[in-house]
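Structure data (compact mmCIF, C-alpha atoms) from final17.txt:
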```
# COMPACT_ATOMS: atom_id res chain seq x y z
CA MET L 1 63.22 173.35 70.51
CA SER L 2 64.03 175.88 73.19
CA SER L 3 67.48 176.09 74.75
CA PHE L 4 65.98 174.89 78.04
CA THR L 5 64.48 171.78 76.40
CA LEU L 6 67.77 171.13 74.61
CA SER L 7 69.68 171.41 77.89
CA LEU L 8 67.35 168.93 79.53
CA ALA L 9 67.79 166.53 76.61
CA ILE L 10 71.56 166.79 76.81
CA LEU L 11 71.50 166.33 80.58
CA GLY L 12 69.25 163.31 80.21
CA GLY L 13 71.60 161.82 77.65
CA ILE L 14 74.57 162.32 79.99
CA VAL L 15 72.72 160.71 82.89
CA LEU L 16 71.69 157.78 80.69
CA ALA L 17 75.27 157.31 79.50
CA LEU L 18 76.50 157.38 83.09
CA LEU L 19 73.90 154.77 84.10
CA VAL L 20 74.88 152.51 81.22
CA ALA L 21 78.57 152.87 82.10
CA TYR L 22 77.88 152.22 85.80
CA ASN L 23 75.79 149.14 85.03
CA ALA L 24 78.52 147.84 82.72
CA TRP L 25 81.16 148.45 85.40
CA THR L 26 79.01 146.75 88.04
CA ALA L 27 78.37 143.76 85.80
CA ARG L 28 82.07 143.46 85.03
CA ARG L 29 82.96 143.79 88.71
CA ASN L 30 80.48 141.09 89.72
CA THR L 31 81.35 138.70 86.90
CA PRO L 32 84.07 136.44 88.23
CA LEU L 33 87.33 136.28 86.29
CA GLN L 34 87.85 132.97 84.55
CA PRO L 35 91.05 130.94 84.15
CA GLU L 36 93.06 131.49 81.01
CA VAL L 37 93.10 128.79 78.37
CA GLU L 38 96.48 127.12 78.66
CA GLN L 39 98.40 126.68 75.44
CA PRO L 40 99.04 123.02 74.55
CA VAL L 41 102.60 121.87 75.05
CA GLU L 42 104.43 121.16 71.78
CA PRO L 43 105.37 117.47 71.50
CA HIS L 44 109.08 116.70 71.35
CA ASP L 45 110.96 113.88 69.70
CA ALA L 46 111.08 110.61 71.57
CA GLY L 47 114.85 110.73 71.66
CA GLU L 48 114.97 114.27 73.05
CA ARG L 49 115.44 114.51 76.79
CA LYS L 50 113.89 117.43 78.65
CA ASP L 51 114.85 118.05 82.27
CA PRO L 52 112.03 119.18 84.59
CA ALA L 53 112.07 122.85 85.49
CA PHE L 54 111.53 123.95 89.08
CA ASP L 55 110.77 127.34 90.56
CA ALA L 56 114.10 128.63 91.81
CA GLY L 57 112.39 130.22 94.80
CA LEU L 58 111.06 126.95 96.20
CA PRO L 59 113.34 124.36 97.82
CA VAL L 60 113.03 120.99 96.15
CA SER L 61 114.17 117.64 97.46
CA LEU L 62 113.34 114.02 96.83
CA PRO L 63 110.37 112.76 98.88
CA ALA L 64 111.31 110.79 101.97
CA LEU L 65 109.00 108.72 104.10
CA GLU L 66 108.73 110.00 107.64
CA LYS L 67 108.78 107.59 110.56
CA LYS L 68 105.75 107.76 112.82
CA PRO L 69 106.72 109.44 116.11
CA GLY L 70 106.62 107.38 119.29
CA LEU L 71 106.10 108.16 122.96
CA ASP L 72 108.48 110.65 124.55
CA ALA L 73 108.89 111.65 128.19
CA LEU L 74 109.06 115.30 127.13
CA ILE L 75 105.36 115.46 126.27
CA ASP L 76 103.96 112.14 127.53
CA VAL L 77 103.20 110.48 130.85
CA LEU L 78 105.00 107.12 130.70
CA ALA L 79 104.07 104.01 132.68
CA PRO L 80 106.45 101.01 132.35
CA ILE L 81 104.74 97.60 132.17
CA THR L 82 106.71 94.43 132.99
CA PRO L 83 105.06 91.16 131.87
CA GLU L 84 105.75 87.81 133.53
CA GLY L 85 107.28 86.55 130.29
CA PRO L 86 107.61 87.44 126.60
CA VAL L 87 104.34 88.51 124.97
CA SER L 88 103.53 88.08 121.29
CA GLY L 89 102.67 91.12 119.22
CA ASP L 90 99.35 89.51 118.35
CA ALA L 91 98.43 89.16 122.03
CA ALA L 92 99.48 92.73 122.73
CA LEU L 93 97.37 94.05 119.86
CA ALA L 94 94.37 92.05 121.08
CA ALA L 95 94.78 93.55 124.56
CA LEU L 96 94.77 97.18 123.41
CA PRO L 97 91.66 99.23 124.29
CA PRO L 98 89.19 99.94 121.45
CA THR L 99 89.73 103.69 121.75
CA ARG L 100 93.22 105.20 121.81
CA ARG L 101 92.38 108.32 123.78
CA ALA L 102 91.99 109.31 127.41
CA GLY L 103 89.56 112.17 127.27
CA THR L 104 90.98 114.48 124.61
CA LYS L 105 94.54 113.14 124.90
CA PRO L 106 96.13 110.44 122.70
CA PHE L 107 96.86 107.14 124.47
CA ALA L 108 99.36 104.56 123.20
CA VAL L 109 101.20 101.38 124.16
CA GLU L 110 104.67 100.46 122.86
CA GLY L 111 106.72 97.28 123.07
CA TRP L 112 110.51 96.99 123.30
CA ASN L 113 112.00 95.61 120.09
CA GLU L 114 115.16 93.77 121.18
CA ALA L 115 116.49 93.35 117.64
CA GLU L 116 116.17 97.04 116.74
CA GLN L 117 116.80 98.27 120.29
CA GLU L 118 113.87 100.68 120.18
CA TRP L 119 110.27 101.12 121.29
CA GLU L 120 107.59 100.50 118.70
CA MET L 121 103.88 99.93 118.32
CA PRO L 122 103.21 96.17 118.72
CA HIS L 123 103.52 94.22 115.46
CA PRO L 124 102.05 90.78 114.68
CA GLY L 125 104.59 87.99 114.68
CA ARG L 126 107.00 89.69 117.08
CA ARG L 127 107.65 89.09 120.77
CA TYR L 128 108.15 91.69 123.48
CA SER L 129 109.65 91.46 126.95
CA ALA L 130 108.64 94.96 128.07
CA PHE L 131 105.98 97.55 127.35
CA GLN L 132 105.22 101.17 128.17
CA ALA L 133 101.89 102.94 128.14
CA GLY L 134 101.68 106.67 127.56
CA VAL L 135 99.24 109.53 127.44
CA GLN L 136 99.99 112.98 126.06
CA LEU L 137 100.43 115.74 128.62
CA ALA L 138 98.89 118.52 126.54
CA ASN L 139 97.57 119.46 123.11
CA ARG L 140 95.45 122.27 121.70
CA SER L 141 92.52 120.99 123.75
CA GLY L 142 94.40 121.90 126.94
CA ALA L 143 96.41 120.20 129.66
CA LEU L 144 95.92 116.65 130.91
CA ASN L 145 93.61 116.79 133.92
CA GLU L 146 92.93 114.44 136.83
CA ILE L 147 89.96 112.77 135.13
CA GLU L 148 91.94 112.09 131.97
CA TYR L 149 94.86 110.78 134.04
CA SER L 150 92.51 108.38 135.82
CA GLU L 151 91.18 107.15 132.47
CA PHE L 152 94.76 106.61 131.34
CA VAL L 153 95.46 104.51 134.45
CA MET L 154 92.35 102.40 133.83
CA LYS L 155 93.28 101.71 130.19
CA ALA L 156 96.92 100.93 131.00
CA GLN L 157 95.94 98.67 133.91
CA ALA L 158 93.46 96.77 131.73
CA PHE L 159 96.18 96.20 129.12
CA ALA L 160 98.65 95.07 131.78
CA ASP L 161 96.12 92.63 133.24
CA ALA L 162 95.45 91.16 129.80
CA ILE L 163 99.15 90.36 129.21
CA ASN L 164 99.91 89.37 132.83
CA GLY L 165 102.01 92.46 133.36
CA GLU L 166 102.71 94.81 136.24
CA PRO L 167 102.43 98.56 135.55
CA GLU L 168 104.20 101.34 137.42
CA PHE L 169 102.43 104.67 137.38
CA PRO L 170 104.02 108.05 138.20
CA GLU L 171 102.40 110.33 140.79
CA MET L 172 99.24 111.86 139.35
CA LEU L 173 99.64 115.34 140.90
CA ASP L 174 103.21 115.63 139.60
CA GLU L 175 102.18 114.70 136.07
CA VAL L 176 99.15 117.01 136.06
CA ALA L 177 101.38 119.87 137.23
CA ARG L 178 103.85 119.04 134.45
CA ALA L 179 100.98 119.02 131.98
CA ARG L 180 99.85 122.49 133.04
CA GLU L 181 103.36 123.89 132.68
CA LEU L 182 103.73 122.40 129.20
CA ASP L 183 100.30 123.65 128.19
CA GLN L 184 101.21 127.16 129.38
CA PHE L 185 104.36 127.12 127.27
CA ALA L 186 102.49 125.79 124.24
CA SER L 187 99.74 128.41 124.56
CA GLU L 188 102.30 131.21 124.64
CA HIS L 189 104.18 129.93 121.58
CA ASP L 190 101.38 128.66 119.34
CA ALA L 191 101.34 130.74 116.14
CA GLN L 192 98.78 130.25 113.38
CA LEU L 193 99.11 132.96 110.74
CA SER L 194 96.68 133.88 108.00
CA PHE L 195 96.54 136.55 105.31
CA THR L 196 93.36 137.41 103.44
CA LEU L 197 93.66 138.33 99.78
CA ARG L 198 90.78 140.57 98.71
CA ALA L 199 89.80 141.43 95.14
CA ARG L 200 90.29 145.09 94.25
CA ASN L 201 87.77 145.12 91.41
CA ALA L 202 86.48 142.07 89.55
CA ALA L 203 85.64 138.97 91.59
CA TRP L 204 87.45 135.66 91.01
CA SER L 205 86.05 132.30 90.00
CA PRO L 206 87.35 129.16 91.79
CA GLY L 207 89.05 128.08 88.56
CA TYR L 208 90.81 131.44 88.27
CA VAL L 209 92.17 131.11 91.82
CA GLN L 210 93.21 127.49 91.28
CA GLN L 211 95.06 128.31 88.07
CA HIS L 212 97.11 131.10 89.64
CA ALA L 213 97.78 129.06 92.78
CA ALA L 214 98.87 126.04 90.73
CA ARG L 215 101.56 128.17 89.10
CA LEU L 216 103.05 128.62 92.58
CA GLY L 217 102.99 124.90 93.38
CA PHE L 218 99.60 124.54 95.12
CA VAL L 219 97.61 121.37 94.54
CA PRO L 220 93.98 120.49 95.40
CA GLY L 221 93.41 119.43 99.00
CA VAL L 222 91.01 116.81 100.31
CA ILE L 223 88.38 119.37 101.30
CA PRO L 224 86.59 121.31 98.51
CA GLY L 225 87.72 124.91 98.45
CA ARG L 226 91.17 124.10 99.83
CA LEU L 227 94.53 124.05 98.06
CA VAL L 228 97.79 123.05 99.72
CA LEU L 229 101.48 123.62 99.12
CA PRO L 230 103.07 120.20 99.79
CA ALA L 231 106.10 119.74 102.02
CA SER L 232 109.33 118.33 100.63
CA VAL L 233 108.97 115.27 102.92
CA ALA L 234 106.24 112.76 102.11
CA GLY L 235 103.70 112.50 104.90
CA ALA L 236 104.63 115.83 106.51
CA PRO L 237 101.94 118.52 106.94
CA SER L 238 101.42 120.92 104.06
CA VAL L 239 103.59 124.03 104.17
CA LEU L 240 100.71 126.39 103.36
CA VAL L 241 96.95 126.16 102.92
CA LEU L 242 94.93 128.35 100.56
CA SER L 243 91.19 128.23 101.20
CA PHE L 244 88.04 129.79 99.85
CA ASP L 245 84.28 129.36 100.19
CA THR L 246 83.42 125.65 100.13
CA GLN L 247 79.94 126.36 98.70
CA ALA L 248 81.55 128.12 95.75
CA ALA L 249 83.71 125.08 95.06
CA LEU L 250 80.67 122.76 95.27
CA ALA L 251 78.35 124.93 93.15
CA ASP L 252 76.65 123.36 90.14
CA ASP L 253 78.52 125.84 87.97
CA PRO L 254 81.66 126.90 89.86
CA ALA L 255 82.62 129.20 86.97
CA GLN L 256 79.76 131.49 88.00
CA SER L 257 80.71 131.52 91.69
CA ALA L 258 82.12 134.91 92.65
CA LEU L 259 84.93 134.97 95.19
CA ARG L 260 85.96 138.31 96.61
CA ASP L 261 88.50 136.94 99.08
CA ILE L 262 90.70 133.92 99.75
CA VAL L 263 92.76 133.01 102.83
CA LEU L 264 96.37 131.88 102.90
CA SER L 265 97.35 130.26 106.21
CA LEU L 266 100.39 128.80 107.97
CA ASP L 267 100.33 126.61 111.08
CA VAL L 268 103.80 127.58 112.32
CA PRO L 269 104.58 124.77 114.83
CA GLN L 270 103.48 122.12 112.33
CA VAL L 271 105.93 123.04 109.55
CA ASP L 272 109.68 122.49 109.59
CA ARG L 273 111.75 125.65 109.67
CA SER L 274 113.87 124.41 106.78
CA GLU L 275 110.85 124.67 104.48
CA GLN L 276 111.05 128.50 104.84
CA PRO L 277 107.28 128.56 105.30
CA PHE L 278 106.86 132.25 106.10
CA VAL L 279 109.09 133.37 103.24
CA ARG L 280 107.02 131.23 100.89
CA MET L 281 103.79 132.51 102.44
CA ARG L 282 104.89 136.12 101.98
CA ASP L 283 106.09 135.54 98.41
CA ALA L 284 102.94 133.61 97.47
CA SER L 285 100.71 136.34 98.89
CA ILE L 286 102.55 139.06 96.98
CA ALA L 287 102.57 137.04 93.76
CA LEU L 288 98.86 136.17 93.96
CA ALA L 289 97.87 139.74 94.85
CA ALA L 290 99.83 141.09 91.87
CA ALA L 291 98.57 138.47 89.40
CA MET L 292 94.91 138.63 90.47
CA ASP L 293 94.65 142.36 91.23
CA GLY L 294 94.15 141.86 94.96
CA LEU L 295 95.15 143.30 98.30
CA ILE L 296 96.87 141.53 101.20
CA THR L 297 94.89 142.22 104.39
CA ASP L 298 94.52 140.94 107.94
CA ASP L 299 91.35 139.44 109.42
CA ALA L 300 89.96 142.90 110.10
CA GLY L 301 90.43 144.00 106.49
CA ALA L 302 93.41 146.30 107.13
CA VAL L 303 95.95 146.27 104.31
CA ILE L 304 99.28 144.67 105.24
CA ARG L 305 102.29 146.47 103.77
CA ALA L 306 105.73 145.01 103.02
CA PRO L 307 107.41 146.46 106.18
CA ALA L 308 104.78 144.75 108.36
CA LEU L 309 105.53 141.43 106.66
CA ASP L 310 109.22 141.85 107.51
CA VAL L 311 108.36 142.47 111.17
CA ILE L 312 106.24 139.31 111.29
CA GLY L 313 109.10 137.34 109.76
CA ALA L 314 111.57 138.61 112.36
CA ASP L 315 109.20 137.71 115.21
CA LEU L 316 108.80 134.20 113.82
CA GLU L 317 112.56 133.66 113.81
CA LYS L 318 112.55 134.33 117.57
CA LEU L 319 109.68 131.87 118.00
CA TYR L 320 111.59 129.21 116.09
CA ASP L 321 114.60 129.74 118.35
CA THR L 322 112.48 129.37 121.48
CA LEU L 323 110.91 126.14 120.23
CA ASP L 324 114.36 124.79 119.34
CA GLN L 325 115.65 125.52 122.83
CA ARG L 326 112.74 123.57 124.33
CA ASP L 327 113.48 120.56 122.04
CA LEU L 328 110.15 121.22 120.32
CA ALA L 329 111.43 122.45 116.97
CA ALA L 330 108.69 123.48 114.56
CA GLY L 331 107.75 120.59 112.32
CA SER L 332 109.34 117.98 114.59
CA PRO L 333 107.23 114.95 115.54
CA LEU L 334 106.94 116.20 119.14
CA ALA L 335 105.88 119.71 118.12
CA ARG L 336 103.33 118.36 115.69
CA ARG L 337 101.81 116.20 118.42
CA LEU L 338 101.83 118.96 121.02
CA PHE L 339 100.37 121.62 118.69
CA SER L 340 97.48 119.53 117.43
```
Serialized structure, structure tokens:
Amino acid sequence: MSSFTLSLAILGGIVLALLVAYNAWTARRNTPLQPEVEQPVEPHDAGERKDPAFDAGLPVSLPALEKKPGLDALIDVLAPITPEGPVSGDAALAALPPTRRAGTKPFAVEGWNEAEQEWEMPHPGRRYSAFQAGVQLANRSGALNEIEYSEFVMKAQAFADAINGEPEFPEMLDEVARARELDQFASEHDAQLSFTLRARNAAWSPGYVQQHAARLGFVPGVIPGRLVLPASVAGAPSVLVLSFDTQAALADDPAQSALRDIVLSLDVPQVDRSEQPFVRMRDASIALAAAMDGLITDDAGAVIRAPALDVIGADLEKLYDTLDQRDLAAGSPLARRLFS
């Protein structure tokens, strides 16, 4: 064999080895990582007491039921309704319109509970001497407009007629102007943050993502492909949402679904400041990126470094202060209604 032929053979062998290595690397990169097999927990004696362990970085408190927010002059148009005499809760409920919206704005009627000295949604078996109808001034669909105000008047008038009551409506132009001002404020202070975690090398399977997220306190959401970090108050919105491709979650064999990115999001006005949502979002992003060999990026794919996270956190503190000053603290019932 000539030296030229030998050189070609050696070169061919090198190329073949490189192709094999590349194909192996590509296959490994495209094969989604699978969750680790959890070790079974050793049983303990019946008489032995083990206290639950909590992550020291996450605030923990006993669940508390949250009262449903009522109408408020700060974000609602209010129309007092005076009936000729006491009205039963059953009659009031029967008089309510079938739809509780005026256009895109929530509509509600409340009765005055003399015993509790507060407004409430009508209850069967109770009697009310006064009512108030309300429609929300603004939400993420925009400000209350003249058409929606007119629909509100029609619904409230129909209710008043049904209970032999007399309504008193505020001036439409004044309320529409107030709605526009509130909507302007809300638009300027509505923050919805999201970080995208992208795989550096090997893709992730849904089970792999769920396992790592569960270690940080995330639980499955109602929608496939969505995990949530629950709030400390029962019934309150989730602190954070982690989402990935719904089709991957619904695949016949999810273990073979390859995810190359997941999104961690925070709806700032919806979550109480005391939950430290951004701190937990930042820490969860860093922890997941480190554990799953990923990068924290923005929507455009640019990598977000630690100093940029600190800047975002400082800006959010100013936003929280502004919402507090407007009596629309993040996570409060009014803020959650306005920013919805």
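CA of Ala306 in chain L is positioned 21.1 Å from CA of Val239 in chain L.
These residues, each with an atom at most 9 Å from (90.7, 139.0, 98.5) using only C-alpha atoms, are Thr196, Leu197, Arg198, Ala199, Arg200, Ala203, Trp204, Leu259, Arg260, Asp261, Ile262, Val263, Ala289, Asp293, Gly294, Leu295, Ile296 and Thr297 of chain L.
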Expected file: the selected residues, C-alpha atoms, as a PDB file, in the frame of the given file:
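Listed below is the output, result.pdb:
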```pdb
ATOM      1  CA  THR L 196      93.360 137.410 103.440  1.00  0.00           C
ATOM      2  CA  LEU L 197      93.660 138.330  99.780  1.00  0.00           C
ATOM      3  CA  ARG L 198      90.780 140.570  98.710  1.00  0.00           C
ATOM      4  CA  ALA L 199      89.800 141.430  95.140  1.00  0.00           C
ATOM      5  CA  ARG L 200      90.290 145.090  94.250  1.00  0.00           C
ATOM      6  CA  ALA L 203      85.640 138.970  91.590  1.00  0.00           C
ATOM      7  CA  TRP L 204      87.450 135.660  91.010  1.00  0.00           C
ATOM      8  CA  LEU L 259      84.930 134.970  95.190  1.00  0.00           C
ATOM      9  CA  ARG L 260      85.960 138.310  96.610  1.00  0.00           C
ATOM     10  CA  ASP L 261      88.500 136.940  99.080  1.00  0.00           C
ATOM     11  CA  ILE L 262      90.700 133.920  99.750  1.00  0.00           C
ATOM     12  CA  VAL L 263      92.760 133.010 102.830  1.00  0.00           C
ATOM     13  CA  ALA L 289      97.870 139.740  94.850  1.00  0.00           C
ATOM     14  CA  ASP L 293      94.650 142.360  91.230  1.00  0.00           C
ATOM     15  CA  GLY L 294      94.150 141.860  94.960  1.00  0.00           C
ATOM     16  CA  LEU L 295      95.150 143.300  98.300  1.00  0.00           C
ATOM     17  CA  ILE L 296      96.870 141.530 101.200  1.00  0.00           C
ATOM     18  CA  THR L 297      94.890 142.220 104.390  1.00  0.00           C
TER      19      THR L 297
END
```
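Taking CA of Val109 in chain L and CA of Ser150 in chain L as endpoints, the distance between them is 16.1 Å.
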Counting only C-alpha atoms, the residue of L:Leu96, L:Ala160, L:Glu146, L:Met292 that sits nearest Gln210 in chain L
L:Met292
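The space between CA of Val228 in chain L and CA of Ser257 in chain L spans 20.7 Å.
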Nearest to Gly331 in chain L: which of L:Gln270, L:Ser265, L:Gln276, L:Ser187 is it, counting all atoms listed in the file?
L:Gln270
Would you please work out which residue, of L:Met281, L:Ala115, L:Ala248, L:Leu319, is nearest to Gly217 in chain L when using all atoms listed in the file?
L:Met281
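Ranking L:Ala158, L:Pro32, L:Leu71, L:Glu275 by their shortest atom-to-atom distance to Pro333 in chain L, with all atoms listed in the file included, puts L:Leu71 first.
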Hey, can you pull every residue with an atom no more than 12 Å from (97.9, 89.3, 132.0), using only C-alpha atoms, and send it as a ChimeraX atom specification?
/L:81-87,91-92,94-95,156-167
Hey, can I get the axis-aligned box for range 222-237 of chain L? All listed atoms, 3 Å padding on each side, centre and edge lengths in Å to one decimal, as AutoDock Vina command-line options.
```
--center_x 98.0 --center_y 118.7 --center_z 102.5 --size_x 28.7 --size_y 18.4 --size_z 14.9
```
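Nearest residue to Leu240 in chain L among L:Asp253, L:Val279, L:Pro206, L:Ala300 is L:Val279, counting only C-alpha atoms.
Considering the residues L:Gln117, L:Thr99, L:Ala133, L:Leu93 and counting all atoms listed in the file, Ala79 in chain L has its shortest atom-to-atom contact with L:Ala133.
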